[in-house]
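**Student:** Here you go, one structure.
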Amino acid sequence: MIAVVDYGVNNLASVVRALAAAGHPGTLTADPEEVRRADRVVVPGVGHFARAAVTLQVTGLGEAIREVAAAGRPLLGICLGMQLFHQESEEAPGATGLGILPGRIVRFRTTQHVPHVGWAEVRPTPAGRAHAVAGPALGAEGTYYYHVHSYHPAELPDSAVLGTGDYDGIFPTLVGLGSVLGAQFHPEKSQQAGIAFMKLFAEWTP
Amino acid sequence: MLARRIIPCLDVADGRVVKGVHFESLRDAGDPVEQAARYDAEGADELVFLDITASYRKESTTLAMVERIAESIFIPFTVGGGIRSIEDAGAALRAGADKIGVNTAAIRDPELVSRLADSYGSQCIVTAVDVRREGEQWMVMATGGREATGLEALAWMRTLENRGAGEILLTSMERDGTRRGYDLELTHAAATQLSIPVIASGGAGNLAHLAEAFEAGAHGVLAASIFHFDGTTIADARTYLRGRGIAVRP
């Protein structure tokens with residue numbers, strides 16, 4: 001069973017639909033026990049880091065997600081979901097994320113317009129090329145995925161950066177370590193490329 | 001690299017896609033769900049749905065239709081028209097919208113933009129601004145272009161940005177539906193003076209107009225007539241724009 005974690009943010013139905021389109025129906029759940037029992041888990045989300053971090057803590061869903069990661073079961077974070085896998089974010093100084101992934105979330109440092117909105121090319125890093133999901137999802141030359149964000153992951157070891165975008169500078173947009181995967185972009189809003197991404201995740205054995 | 005966005009717009013009235021001239025003289029352009037599915041299949045970068053009756057009839061946005069559209073597409077989907085509160089926005093998001101468009105309600109209560117951004121994140125808030133030229137200035141119109149506000153457009157857009165808007169959907173009322181091309185001066189002024197993305201709207205009559213808007217600095221272009229009526233596909237637009245050296249997705 002693929003659990004899609006419902007922690008009161010929006011954009012959940014489209015993730016469930018993308019999984020279904022990929023041939024792997026997911027179950028929307030706000031129950032930490034159900035998350036613990038799931039074979040794999042998706043944490044979607046758009047919203048504010050601070051509010052979401054508190055919700056994960058109060059509901060016990062954060063602890064359940066941490067256990068899924070520790071048990072080595074496939075775990076995918078999308079956008080805010082991915083950001084919450086990190087310890088902290090410049091969006092919410094003082095708020096504590098799950099600390100599953102190294103590095104932190106920073107705001108774009110650019111003279112370009114922010115938020116970074118639209119279809120941006122994601123290119124694989126050497127680590128990404130070797131990764132069972134990132135490799136085929138990004139292809140040799142890169143793949144366009146839909147982004148909408150003002151913050152992004154940073155300060156990760158090279159081995160955890162699987163794909164990068166370029167917006168007045170290179171930034172990590174697909175990250176992962178072991179059984180944990182995090183996308184800054186929205187596969188559920190990225191048409192065929194996104195559905196293919198969800199299928200790769202759903203069939204992934206880390 | 002970030003691609004420039006081609007965004008078909010569904011203006012919806014009484015359950016049908018319509019397209020007017022200067023916001024009036026509406027012409028039928030089909031079923032919203034069918035049109036949304038068509039644009040998704042053609043590879044549109046996003047879709048905008050505006051319930052054009054909501055802001056002056058004081059009705060809520062057609063949530064059931066929003067839900068049916070959201071179920072049939074895999075591209076980002078902005079819903080606007082009649083959203084006046086956090087609750088209205090939440091209902092549209094739950095129905096499947098990815099972003100919320102606000103216009104008149106932000107003029108009545110600018111604080112609403114801040115509250116929406118706090119609740120749902122700036123990336124979710126598209127503020128629509130309808131503009132009419134008055135002498136040397138661009139002035140903001142409310143209630144679907146029926147009501148003068150006395151607000152100067154560039155100053156108003158900076159206010160929206162400071163309040164947490166994520167994008168500006170900038171419509172020239174003079175150009176809307178005329179097919180004479182976007183107001184490039186307005187587009188350029190907004191794109192250079194704001195630090196959030198600007199979507200140009202109003203006046204697209206051919207593919208060269210899309211290219212001109214991008215060259216003027218638009219991050220996205222909204223178009224209705226050329227896609228609704230002319231048999232022009234999104235793929236045609238992309239091929240043309242690529243030939244003009246504009247970064248579009250493959």
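Identifiers in the structure tokens: chain A, B, ... in order shown; residue index from 1 per chain; ligand index from 1 in order shown.
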Compile the contact shell of Ala148 in chain B as a PyMOL selection string: residues with an atom at most 12 Å away, counting only C-alpha atoms, same-chain residues fewer than 5 positions apart removed.

**Tutor:** chain B and resi 104+107+130-134+138-143+153

**Student:** Any chance you can output those residues with C-alpha atoms as a PDB file, in the first residue's frame?

**Tutor:**
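Contents of the output file again-v2.pdb:
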ATOM      1  CA  THR B 104     -11.646  42.736  -6.926  1.00  0.00           C
ATOM      2  CA  ILE B 107      -8.870  45.882  -4.073  1.00  0.00           C
ATOM      3  CA  ASP B 130      -7.289  44.692 -14.997  1.00  0.00           C
ATOM      4  CA  VAL B 131      -5.834  47.880 -16.360  1.00  0.00           C
ATOM      5  CA  ARG B 132      -7.126  50.743 -18.484  1.00  0.00           C
ATOM      6  CA  ARG B 133      -4.974  53.515 -19.871  1.00  0.00           C
ATOM      7  CA  GLU B 134      -5.894  57.028 -18.792  1.00  0.00           C
ATOM      8  CA  TRP B 138      -2.420  52.898 -16.271  1.00  0.00           C
ATOM      9  CA  MET B 139      -5.335  52.700 -13.884  1.00  0.00           C
ATOM     10  CA  VAL B 140      -6.799  49.647 -12.130  1.00  0.00           C
ATOM     11  CA  MET B 141     -10.384  48.616 -12.797  1.00  0.00           C
ATOM     12  CA  ALA B 142     -12.478  46.412 -10.502  1.00  0.00           C
ATOM     13  CA  THR B 143     -15.512  44.147 -10.861  1.00  0.00           C
ATOM     14  CA  ALA B 153      -1.539  50.133 -11.736  1.00  0.00           C
TER      15      ALA B 153
END

**Student:** For Ile65 in chain A, work out the shell of residues within 10 Å, counting only C-alpha atoms and skipping chain neighbours fewer than 5 positions away, then give it as a PyMOL selection string.

**Tutor:** chain A and resi 5+32+35-36+41-43+56+60+70-71+73+75+85+98+100

**Student:** Have a look at A:Glu63, A:Asp158, A:Glu33, A:Glu188 and name the one nearest to chain B; count only C-alpha atoms.

**Tutor:**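 Smallest separation from chain B among the options: A:Glu188.
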
**Student:** Quick one: which chain A residues come within 8 Å of chain B, and what is the nearest atom pair for each with the distance in Å to one decimal, counting only C-alpha atoms, rows ordered by chain and ascending number, as a Markdown table?

**Tutor:**
| residue | atom | partner | partner_atom | distance |
| --- | --- | --- | --- | --- |
| A:Asn10 | CA | B:Leu93 | CA | 6.5 |
| A:Asn11 | CA | B:Asp98 | CA | 6.6 |
| A:Ala13 | CA | B:Gly96 | CA | 7.0 |
| A:Ser14 | CA | B:Gly96 | CA | 7.2 |
| A:Arg17 | CA | B:Glu71 | CA | 7.6 |
| A:Ala18 | CA | B:Phe74 | CA | 7.7 |
| A:Val46 | CA | B:Tyr120 | CA | 7.2 |
| A:Gly47 | CA | B:Gly121 | CA | 4.8 |
| A:His48 | CA | B:Gly121 | CA | 5.8 |
| A:Gln112 | CA | B:Ser195 | CA | 7.2 |
| A:His113 | CA | B:Ser195 | CA | 4.7 |
| A:Val114 | CA | B:Ile196 | CA | 5.2 |
| A:Pro115 | CA | B:Ile196 | CA | 6.3 |
| A:Val117 | CA | B:Pro197 | CA | 7.6 |
| A:Gly118 | CA | B:Ala3 | CA | 6.5 |
| A:Trp119 | CA | B:Ala3 | CA | 5.5 |
| A:Ala120 | CA | B:Leu2 | CA | 4.2 |
| A:Glu121 | CA | B:Met1 | CA | 5.3 |
| A:Tyr144 | CA | B:Arg249 | CA | 6.9 |
| A:Val148 | CA | B:Gln123 | CA | 6.1 |
| A:His149 | CA | B:Gln123 | CA | 6.1 |
| A:Ser150 | CA | B:Gln123 | CA | 7.6 |
| A:Gly165 | CA | B:Met1 | CA | 6.6 |
| A:Asp166 | CA | B:Met1 | CA | 5.3 |
| A:Tyr167 | CA | B:Met1 | CA | 6.4 |
| A:Glu188 | CA | B:Phe74 | CA | 6.5 |
| A:Lys189 | CA | B:Ile75 | CA | 4.6 |
| A:Ser190 | CA | B:Ile75 | CA | 6.1 |
| A:Gln191 | CA | B:Phe74 | CA | 5.0 |

**Student:** Could you please determine the separation between CA of Leu63 in chain B and CA of Asp11 in chain B in Å, to one decimal place?

**Tutor:**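 Value for the CA of Leu63 in chain B-CA of Asp11 in chain B distance: 14.5 Å.
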
**Student:** Can you pull out every residue within 10 Å of Gly163 in chain A, counting only C-alpha atoms, but drop anything in the same chain fewer than 2 positions away, and send it as a ChimeraX atom specification?

**Tutor:** /A:121-129,134-135,137-138,142-143,160-161,165,170-176,183-184

**Student:** Considering only C-alpha atoms, return as a PyMOL selection string whatever protein or nucleic-acid residues lie within 12 Å of Leu210 in chain B, sequence-local ones (same chain, fewer than 6 positions apart) excluded.

**Tutor:** chain B and resi 4-8+179-184+187+199-204+216-224+226-227+234+236-238+240-242+244+246+248

**Student:** Quick one, how far is CA of Glu90 in chain A from CA of Glu155 in chain A?

**Tutor:**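 So the answer is 12.8 Å.
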
**Student:** Please compute the CA of Gln83 in chain A-CA of Arg109 in chain A distance, one decimal, in Å.

**Tutor:** 17.1 Å

**Student:** May I ask which of the residues B:Asp230, B:Glu67, B:Glu174, B:Glu215 is the closest one to Glu24 in chain B, counting only C-alpha atoms?

**Tutor:** B:Glu174

**Student:** Apply DSSP to the backbone of this structure and, from range 151-245 of chain B, keep only the residues in helix (DSSP H, G or I); write these as an MDAnalysis selection string.

**Tutor:** chainID B and resid 153:162 184:193 207:215 225:229 234:243

**Student:** The selected residues should be written to file as a PDB file, in the first residue's frame (atoms: C-alpha atoms).

**Tutor:**
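This went into again_27.pdb:
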ATOM      1  CA  ALA B 153      -1.539  50.133 -11.736  1.00  0.00           C
ATOM      2  CA  LEU B 154       2.207  49.906 -11.123  1.00  0.00           C
ATOM      3  CA  ALA B 155       1.910  51.204  -7.571  1.00  0.00           C
ATOM      4  CA  TRP B 156      -0.946  48.756  -6.949  1.00  0.00           C
ATOM      5  CA  MET B 157       1.084  45.831  -8.275  1.00  0.00           C
ATOM      6  CA  ARG B 158       3.969  46.734  -5.967  1.00  0.00           C
ATOM      7  CA  THR B 159       1.494  46.723  -3.085  1.00  0.00           C
ATOM      8  CA  LEU B 160       0.292  43.281  -4.112  1.00  0.00           C
ATOM      9  CA  GLU B 161       3.873  42.042  -4.299  1.00  0.00           C
ATOM     10  CA  ASN B 162       4.682  43.438  -0.853  1.00  0.00           C
ATOM     11  CA  LEU B 184       3.885  45.699 -24.493  1.00  0.00           C
ATOM     12  CA  GLU B 185       4.712  48.919 -22.728  1.00  0.00           C
ATOM     13  CA  LEU B 186       2.580  47.886 -19.762  1.00  0.00           C
ATOM     14  CA  THR B 187       4.011  44.366 -19.769  1.00  0.00           C
ATOM     15  CA  HIS B 188       7.577  45.667 -19.866  1.00  0.00           C
ATOM     16  CA  ALA B 189       6.982  48.206 -17.099  1.00  0.00           C
ATOM     17  CA  ALA B 190       5.497  45.559 -14.817  1.00  0.00           C
ATOM     18  CA  ALA B 191       8.125  42.912 -15.556  1.00  0.00           C
ATOM     19  CA  THR B 192      11.009  45.282 -14.898  1.00  0.00           C
ATOM     20  CA  GLN B 193       9.543  46.976 -11.827  1.00  0.00           C
ATOM     21  CA  LEU B 207       1.733  33.850 -32.503  1.00  0.00           C
ATOM     22  CA  ALA B 208       3.991  36.843 -33.109  1.00  0.00           C
ATOM     23  CA  HIS B 209       2.094  38.627 -30.351  1.00  0.00           C
ATOM     24  CA  LEU B 210       3.071  35.898 -27.881  1.00  0.00           C
ATOM     25  CA  ALA B 211       6.723  36.298 -28.847  1.00  0.00           C
ATOM     26  CA  GLU B 212       6.531  40.088 -28.442  1.00  0.00           C
ATOM     27  CA  ALA B 213       5.128  39.753 -24.931  1.00  0.00           C
ATOM     28  CA  PHE B 214       7.945  37.412 -23.923  1.00  0.00           C
ATOM     29  CA  GLU B 215      10.481  39.774 -25.449  1.00  0.00           C
ATOM     30  CA  SER B 225      -9.086  33.586 -28.858  1.00  0.00           C
ATOM     31  CA  ILE B 226      -6.176  32.204 -30.875  1.00  0.00           C
ATOM     32  CA  PHE B 227      -6.471  28.814 -29.196  1.00  0.00           C
ATOM     33  CA  HIS B 228     -10.276  28.719 -28.876  1.00  0.00           C
ATOM     34  CA  PHE B 229     -11.213  29.799 -32.405  1.00  0.00           C
ATOM     35  CA  ILE B 234      -0.177  24.858 -28.215  1.00  0.00           C
ATOM     36  CA  ALA B 235       2.342  22.834 -30.217  1.00  0.00           C
ATOM     37  CA  ASP B 236       2.131  25.374 -33.063  1.00  0.00           C
ATOM     38  CA  ALA B 237       2.830  28.144 -30.585  1.00  0.00           C
ATOM     39  CA  ARG B 238       5.781  26.330 -29.093  1.00  0.00           C
ATOM     40  CA  THR B 239       7.345  25.582 -32.464  1.00  0.00           C
ATOM     41  CA  TYR B 240       6.951  29.180 -33.528  1.00  0.00           C
ATOM     42  CA  LEU B 241       8.347  30.605 -30.294  1.00  0.00           C
ATOM     43  CA  ARG B 242      11.336  28.268 -30.359  1.00  0.00           C
ATOM     44  CA  GLY B 243      12.070  29.551 -33.851  1.00  0.00           C
TER      45      GLY B 243
END

**Student:** Once DSSP has gone over the backbone, tell me which residues of chain A are in strand (DSSP E or B), as number ranges by chain.

**Tutor:** A: 2-5, 26-29, 40-43, 75-78, 89, 104-107, 116-124, 143-149, 151-154, 161-166, 170-177, 180-183

**Student:** Using only C-alpha atoms, which protein or nucleic acid residues come within 10 Å of Asp14 in chain B? Drop anything in the same chain fewer than 5 positions from it, and give the result as number ranges by chain.

**Tutor:** B: 51-54, 62

**Student:** Any chance you could export the current selection's N, CA, C and O atoms as a CSV table (one decimal), in the first residue's frame?

**Tutor:**
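Once everything was written out, this is part-v3.csv:
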chain,number,residue,atom,x,y,z
B,51,ASP,N,-14.1,32.4,-13.5
B,51,ASP,CA,-15.5,32.5,-13.5
B,51,ASP,C,-15.9,34.0,-13.7
B,51,ASP,O,-15.9,34.7,-12.7
B,52,ILE,N,-16.2,34.4,-14.9
B,52,ILE,CA,-16.3,35.9,-15.1
B,52,ILE,C,-17.6,36.4,-14.6
B,52,ILE,O,-17.8,37.6,-14.6
B,53,THR,N,-18.5,35.6,-14.2
B,53,THR,CA,-19.8,36.1,-13.6
B,53,THR,C,-19.7,36.3,-12.1
B,53,THR,O,-20.5,37.0,-11.6
B,54,ALA,N,-18.7,35.7,-11.5
B,54,ALA,CA,-18.8,35.7,-10.0
B,54,ALA,C,-18.6,37.0,-9.4
B,54,ALA,O,-19.2,37.3,-8.4
B,62,THR,N,-17.7,28.3,-9.5
B,62,THR,CA,-18.4,27.0,-9.8
B,62,THR,C,-17.5,25.8,-9.4
B,62,THR,O,-16.7,25.3,-10.2

**Student:** At a cut-off of 6 Å, using only C-alpha atoms, what residues contact Ile168 in chain B? Leave out same-chain residues fewer than 5 positions from it and give the result as a count of residues only.

**Tutor:** 4
